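Take a look at the structure set out below.
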Amino acid sequence: MMSFEQSNVQAMEWQEPALGYLYNGPEMLDGLSRTSRGEPSTFGSTPFNAFLPSIIDQQRTVIEHNDAQFQNVPEGVRPELATEAIDFNYGRVHHRTEKNFESFECREYYSFDRIPEELHETAQRVITGHGSPAENILIADILGMPTVELASTTHAYGRPERMKHLEDQRLAVEEAITFHDGTIIRSQKNHDKATWSRADHFQIKGECFKAGANRDASSLDGLRMTRTRTVGRVGLYRIYERSSFILDISKLPVDFMPQLQAIDITKPEKEEQMLAIPGFYAAIKDALRNDDYAAAIPIATTAWGVRENGQQIYENGRWRVRHLHSVSQSGQDRPLNAQYELLGLSA
């Protein structure tokens with residue numbers, strides 16, 4: 001039987017390091033500063049707090065820049081599905097902004113005093129959306145954020161110049177995993193290629209319907225879809241990549257429409273039934289693998305990390321945030337945003 005002293009020693013061995021699992025001290029800063037860093041207009045991440053007054057104008061410009069990508073519809077993409085792509089992207093951007101902020105607010109360690117002074121400049125960058133993937137996950141780990149966005153690229157319609165940003169993003173995420181001594185998950189079938197996952201996970205996020213028709217299976221025109229891949233692990237974070245696209249069913253090599261229209265799209269099991277249609281799943285994968293941008297209309301790709309105990313951090317954080325806001329509003333404490341001054345940010 002383990003003695004009291006032995007159990008105490010074992011407990012101490014499993015304690016979380018003082019500043020998270022990734023920070024190794026000031027000696028890592030030189031290498032960290034040279035890791036690949038995107039900008040908001042390329043593959044920069046959504047700011048941890050996009051609601052800071054000091055960066056609202058920046059984010060408005062980024063959104064306008066991304067929206068402009070969808071205006072000139074290339075040949076081969078049907079205009080009605082281009083409209084769906086615009087709407088899908090709009091919802092995606094706002095969802096990411098809210099989720100990033102929620103994770104930041106619900107962080108396990110709320111005070112910025114936890115961030116070493118030598119990392120204040122790094123923290124400024126990641127909070128405002130200018131950090132590298134390696135910097136983003138480092139600050140997230142120190143603060144105990146349940147999730148963290150590493151990078152994101154809007155690549156409307158698969159235009160070459162935007163797909164180049166996606167290539168750069170993937171290299172930067174892989175660099176971040178390697179920099180922090182993480183593990184990159186590669187395909188077992190392609191050891192010689194930088195493939196990003198053992199498996200693709202597709203989800204149907206909504207249906208596209210023919211203009212002016214009833215919104216039912218008989219007028220189905222396309223599908224809003226995502227593909228998620230597990231790409232690696234860093235410390236307590238599992239790293240994922242998710243791509244959003246519009247599937248133009250009419251451009252697939254097989255006519256799946258009769259089988260799709262036979263499914264009751266009002267039922268919760270519709271997604272499972274659609275993806276179970278013989279050959280349908282494979283046709284989607286082939287369209288993506290072959291860069292068939294007319295069939296699978298690209299929208300954007302995001303890489304992010306999910307912490308092992310993230311759900312518990314969220315639950316604890318939501319309670320704490322409600323309490324802090326109520327205290328601040330009652331005048332018993334300084335405003336919650338005051339601590340941003342510690343990092344040289346105006347709130």
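Going by the structure tokens order, chains are called A, B, ..., each with residues numbered from 1, while ligands are numbered from 1 in the order shown.
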
Would you list the contacts of segment 22-26 of chain A as a VMD selection string, taking every protein, DNA or RNA residue within 7 Å and counting only C-alpha atoms, but skipping same-chain residues closer than 6 positions in sequence?
chain A and resid 118 138 141 180 235

Those selected residues, please, written with C-alpha atoms and delivered as a PDB file, in the first residue's frame.
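Listing of part22.pdb after writing:
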ATOM      1  CA  GLU A 118       9.175  38.965 -21.678  1.00  0.00           C
ATOM      2  CA  LEU A 138       1.868  29.224 -26.206  1.00  0.00           C
ATOM      3  CA  ASP A 141      -1.475  27.278 -22.796  1.00  0.00           C
ATOM      4  CA  HIS A 180       6.711  22.934 -29.244  1.00  0.00           C
ATOM      5  CA  GLY A 235       0.982  19.627 -24.935  1.00  0.00           C
TER       6      GLY A 235
END

If you run DSSP over the backbone, which residues in segment 106-323 of chain A end up strand (DSSP E)? Put them as a ChimeraX atom specification.
/A:147-154,183-184,201-209,220-234,237-248,296-307

Find the spatial neighbours of Glu80 of chain A, counting only C-alpha atoms, within a cut-off of 9 Å - ignore same-chain residues fewer than 3 positions away - and output them as a ChimeraX atom specification.
/A:77,83-85,208-211

Kindly save the residues from that selection, with C-alpha atoms included, as a PDB file, in the first residue's frame.
ATOM      1  CA  VAL A  77     -19.528  28.344 -60.212  1.00  0.00           C
ATOM      2  CA  THR A  83     -24.652  33.497 -52.859  1.00  0.00           C
ATOM      3  CA  GLU A  84     -24.837  30.521 -50.513  1.00  0.00           C
ATOM      4  CA  ALA A  85     -21.048  30.660 -50.112  1.00  0.00           C
ATOM      5  CA  CYS A 208     -28.982  24.974 -50.418  1.00  0.00           C
ATOM      6  CA  PHE A 209     -32.285  25.288 -52.277  1.00  0.00           C
ATOM      7  CA  LYS A 210     -33.247  26.472 -55.724  1.00  0.00           C
ATOM      8  CA  ALA A 211     -34.244  30.121 -55.796  1.00  0.00           C
TER       9      ALA A 211
END

With distances taken over only C-alpha atoms, which of A:Arg159, A:Arg238, A:Arg224, A:Lys205 is nearest to Glu75 of chain A?
A:Arg159

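The closest residue to Lys270 of chain A, picked from A:Gly206, A:Pro298, A:Gly317, A:Pro133 and counting only C-alpha atoms, is A:Gly206.
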
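Minimum atom-to-atom distances from A:Ile137, A:Met274, A:Ala217, A:Ile246 to Ile86 of chain A were compared using only C-alpha atoms, and the lowest value belongs to A:Ile246.
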
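Distances here use only C-alpha atoms; by that measure, the residue among A:Ala123, A:Met28, A:Val321, A:Leu220 closest to Glu102 of chain A is A:Val321.
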
Near-Glu271 of chain A list (8 Å; only C-alpha atoms; drop same-chain fewer than 4 positions) as a PyMOL selection string
chain A and resi 203-204+275

Non-local contacts of segment 32-42 of chain A (7 Å; only C-alpha atoms; under 5 positions in same chain excluded) as a PyMOL selection string:
chain A and resi 62+129-132+134-135+153+165+172

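Among the candidate residues A:Thr230, A:Ser243, A:Thr178, A:Gln261, the one lying nearest to Gly305 of chain A is A:Thr230, with distances computed using only C-alpha atoms.
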
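Of the residues listed (A:Asp113, A:Asp216, A:Glu272, A:Asp292), A:Asp292 shows the shortest atom-to-atom separation from Leu252 of chain A; distances use only C-alpha atoms.
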
Quick one: everything within 9 Å of Ser250 of chain A, counting only C-alpha atoms, minus sequence neighbours fewer than 6 positions away in the same chain. Send it as a PyMOL selection string.
chain A and resi 221-222+256-257+295

Would you save the residues from that selection as a PDB file, in the first residue's frame, using N, CA and C atoms?
ATOM      1  N   ASP A 221     -30.449  21.896 -53.956  1.00  0.00           N
ATOM      2  CA  ASP A 221     -29.543  22.366 -55.006  1.00  0.00           C
ATOM      3  C   ASP A 221     -28.074  22.152 -54.645  1.00  0.00           C
ATOM      4  N   GLY A 222     -27.786  22.072 -53.361  1.00  0.00           N
ATOM      5  CA  GLY A 222     -26.411  21.909 -52.904  1.00  0.00           C
ATOM      6  C   GLY A 222     -26.389  21.718 -51.403  1.00  0.00           C
ATOM      7  N   PHE A 256     -26.754  11.828 -57.801  1.00  0.00           N
ATOM      8  CA  PHE A 256     -27.220  11.394 -56.486  1.00  0.00           C
ATOM      9  C   PHE A 256     -28.541  12.052 -56.098  1.00  0.00           C
ATOM     10  N   MET A 257     -29.044  12.928 -56.947  1.00  0.00           N
ATOM     11  CA  MET A 257     -30.201  13.724 -56.573  1.00  0.00           C
ATOM     12  C   MET A 257     -31.432  12.889 -56.210  1.00  0.00           C
ATOM     13  N   ALA A 295     -17.313  21.664 -58.203  1.00  0.00           N
ATOM     14  CA  ALA A 295     -18.167  20.742 -57.449  1.00  0.00           C
ATOM     15  C   ALA A 295     -18.107  21.022 -55.947  1.00  0.00           C
TER      16      ALA A 295
END
